[in-house]
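Student: Okay, here's the structure, questions in a sec.
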Amino acid sequence: MTAVPARRHEGLYFAIRNGKLLAGLVVLVPLIVLAVAGPMFVEGDPNAYVGIPASSPSAEHWFGTTMFGQDIFAQFLYGMRVTFVVGLLGGGLAAIIGMVIGFTAGYRGGLVDEVLNMLTNIVLVLPALAVLLIVNAYLGIRSVGVQALFIGLTSWPWAARAIRAQTFSLRSRDFVDLARLSGVRTWKIIVREIAPNMSSYLFMTFILLFGGSILIAASLDFIGLGPSQGVSLGLMLNNAARWSALHLGMWWWFVPPGAGITAIVGALYVTNVGLDEVFNPKLREL
Amino acid sequence: MRRYFGRKLLVYGLTFLVAVTINWMIPRFMPGDPVQSMLARANVSQPAAVEAMRAHYTNLFGLDLPLWKQYGNFWAALFQGDLGTSIWLFPTPVTDVIMRAVPYTLALLIPAILLSWWAGNRFGAFAARRKWLDNTVLPIGYVLTATPYMWLAILLAWGLGIVAGVFPVSGGYSFAMRPNLSWEFVGDLALHWFLPFVSLFLVAFGGWAIGMRNMIIYELEADYSTYLSSLGAPQRLIRRYAFRNAVLPQITGLALQLGVLVAGALVTEIVFSYPGLGHLILQAIQNQDFFLLQGAFLFIVVGVLAANFIIDVVYVLVDPRTRTGMGGEAA
């Protein structure tokens, strides 16, 4: 190694040299742009009947049309947006719950830790999708927001556990003791002293929760328990399977939505590993 | 060790309690009246018939009793194996319907979980720190683990089932056959089993391979590895020690992943109309058969808890630290 990067730019220095991080972002950023801006270029309702039913991809309908003549490309763009929204809200909520419980349990210790740990373990072994099946079937989920809310409420435990373990190892450090001795309030210590020291870890936890939420939402949509309004990638798969696109050979109906989900989640995972290598000096390959 | 199992069993017991309570609570406290919506679904117009049905359903749920009594009765019925009567397959008891489906789900899940875990770990350990394998094959692992289970199932059904015509794409066995103990039938079962199994296996395999690869790299960085290699130990030996250490978190990971794997099996079964629990759940949802849905839910929870317990036992056998009470990861 010749140039020694300045301490402040060290992260950036390794970030732009990390193949995994770059590869992940190269896939992710265009997809985000597509999901944000794409629907603006689609006129009207993505579920409108606009073309000849069951036609294969053409210049007019890039991804072809469904059995009923809906434009699959329009549905895809809207579905991508919904997918990101579910990931953001569900993953975000799970991250927040995980952080609150993880920090509290790890920092306070004692009885609080025992109780929160028990709660975490219970939610952890409860199979999330099975709980969501029951809840969604009875309540009849109508909006993406509500779906994300329930996903967030069930998928936080492993994050809480991991954050608790990290907090545990940080709380007896000298700088935390010093802050405590000088009378700083508990929440301030957590926010100002502990959280910044594991910020990269928290961010990566959020990324994994984001990807997980997307996959759970897709499964629910596919089973037919997704939001009853609008489109989503999982719902497109559900429709394709329900109207036997498989047997009719309409591959353009079921390939794009699944490829979209795989691309988003895969890129998130690869980005995550890249970030891990950037933040953790031990993993850097020079 | 007694403390370890005591804690685990307490968690599982409480989880079961929570699951049963959720099951009991949701129909009773959800917005709207479940009896009313069932009556609406039945679409009966005669007022006398409506009244009779209302009385029947109210009685069935025991909604006229005080809440604590309803809750007690719910548990009592549960311990007698009574999960209610299926509406979809009226008047078969839910327990029977589920029992018929469970063997199919287990036959898919158990081999898929065990084989993918074993193969993924082996492969991940092998690929770690080997340049070309790491750079070519592991990206495939990331794609596999990010693939939604149902999508891979659909692709396989389409590619190998419909286009190539090698495998059947729906059902647990051919419609022309009746279940019997002949080689022909067993072969037919295996043929129908293969594609759902492969799609479950592949997605899970990707996850294990990546997890193992990352763990091995951590272990090869550890002090004991450096010490071993400075003593001049052969690379093979160091890797063997690294593997033994890296496998422990993977066992914990298996327990964490169980819920996801079960979910994957459910949607895969739906794609292939495989007559297991997933297919049952779909039918229950489409036919608004809430007793069946709740029964399936409880069954899945109990199955996951049992599997968790088995993994705890395995962990004790594999990691000596848990036996001597020195802690270790899962303590």
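Residues in the structure tokens are numbered from 1 in each chain, the chains being A, B, ... in the order shown, and ligands are numbered from 1 in the order shown.
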Per residue of chain A within 6 Å of chain B, which atom pair is closest and at what distance in Å (one decimal), using only C-alpha atoms, listed by chain and increasing number, as a tab-separated table?

Tutor:
```
residue	atom	partner	partner_atom	distance
A:Ile122	CA	B:Thr15	CA	5.1
A:Pro127	CA	B:Gly259	CA	4.4
A:Ala130	CA	B:Phe297	CA	5.8
A:Leu246	CA	B:Trp158	CA	5.9
A:Gly258	CA	B:Trp151	CA	5.5
A:Thr262	CA	B:Thr147	CA	4.7
A:Val265	CA	B:Ala146	CA	5.2
A:Gly266	CA	B:Ala146	CA	4.8
```

Student: Thr154 (chain A): which residues within 6 Å, counting only C-alpha atoms, same-chain residues fewer than 2 positions away excluded, as a list in words?

Tutor: Ala128, Ile151 and Gly152 of chain A

Student: Convert the current residue selection to file output with N, CA, C and O atoms, as a PDB file, in the first residue's frame.

Tutor:
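Full text of out.pdb as output:
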```pdb
ATOM      1  N   ALA A 128     -42.996 -15.988  11.927  1.00  0.00           N
ATOM      2  CA  ALA A 128     -43.623 -14.699  11.585  1.00  0.00           C
ATOM      3  C   ALA A 128     -44.717 -14.863  10.544  1.00  0.00           C
ATOM      4  O   ALA A 128     -45.807 -14.321  10.685  1.00  0.00           O
ATOM      5  N   ILE A 151     -45.730  -6.458   9.399  1.00  0.00           N
ATOM      6  CA  ILE A 151     -44.439  -7.098   9.144  1.00  0.00           C
ATOM      7  C   ILE A 151     -43.397  -6.562  10.115  1.00  0.00           C
ATOM      8  O   ILE A 151     -42.626  -7.317  10.697  1.00  0.00           O
ATOM      9  N   GLY A 152     -43.411  -5.240  10.298  1.00  0.00           N
ATOM     10  CA  GLY A 152     -42.457  -4.641  11.227  1.00  0.00           C
ATOM     11  C   GLY A 152     -42.631  -5.173  12.645  1.00  0.00           C
ATOM     12  O   GLY A 152     -41.662  -5.442  13.345  1.00  0.00           O
TER      13      GLY A 152
END
```

Student: From a DSSP calculation on the backbone, collect every residue of region 69-304 of chain B in helix (DSSP H, G or I) and output the set as number ranges by chain.

Tutor: B: 69-79, 94-127, 131-146, 149-163, 183-221, 223-230, 235-271, 277-286, 290-304

Student: Identify, on the basis of only C-alpha atoms, every residue whose closest approach to Leu225 (chain A) does not exceed 8 Å; exclude the query and any residue fewer than 6 positions from it along the same chain; express the result as a PyMOL selection string.

Tutor: chain A and resi 133+136-137+140-141

Student: So which residues touch region 177-189 of chain A within 10 Å, counting only C-alpha atoms, skipping near sequence neighbours fewer than 6 positions away, as a ChimeraX atom specification?

Tutor: /A:103-104,107-108,171,195
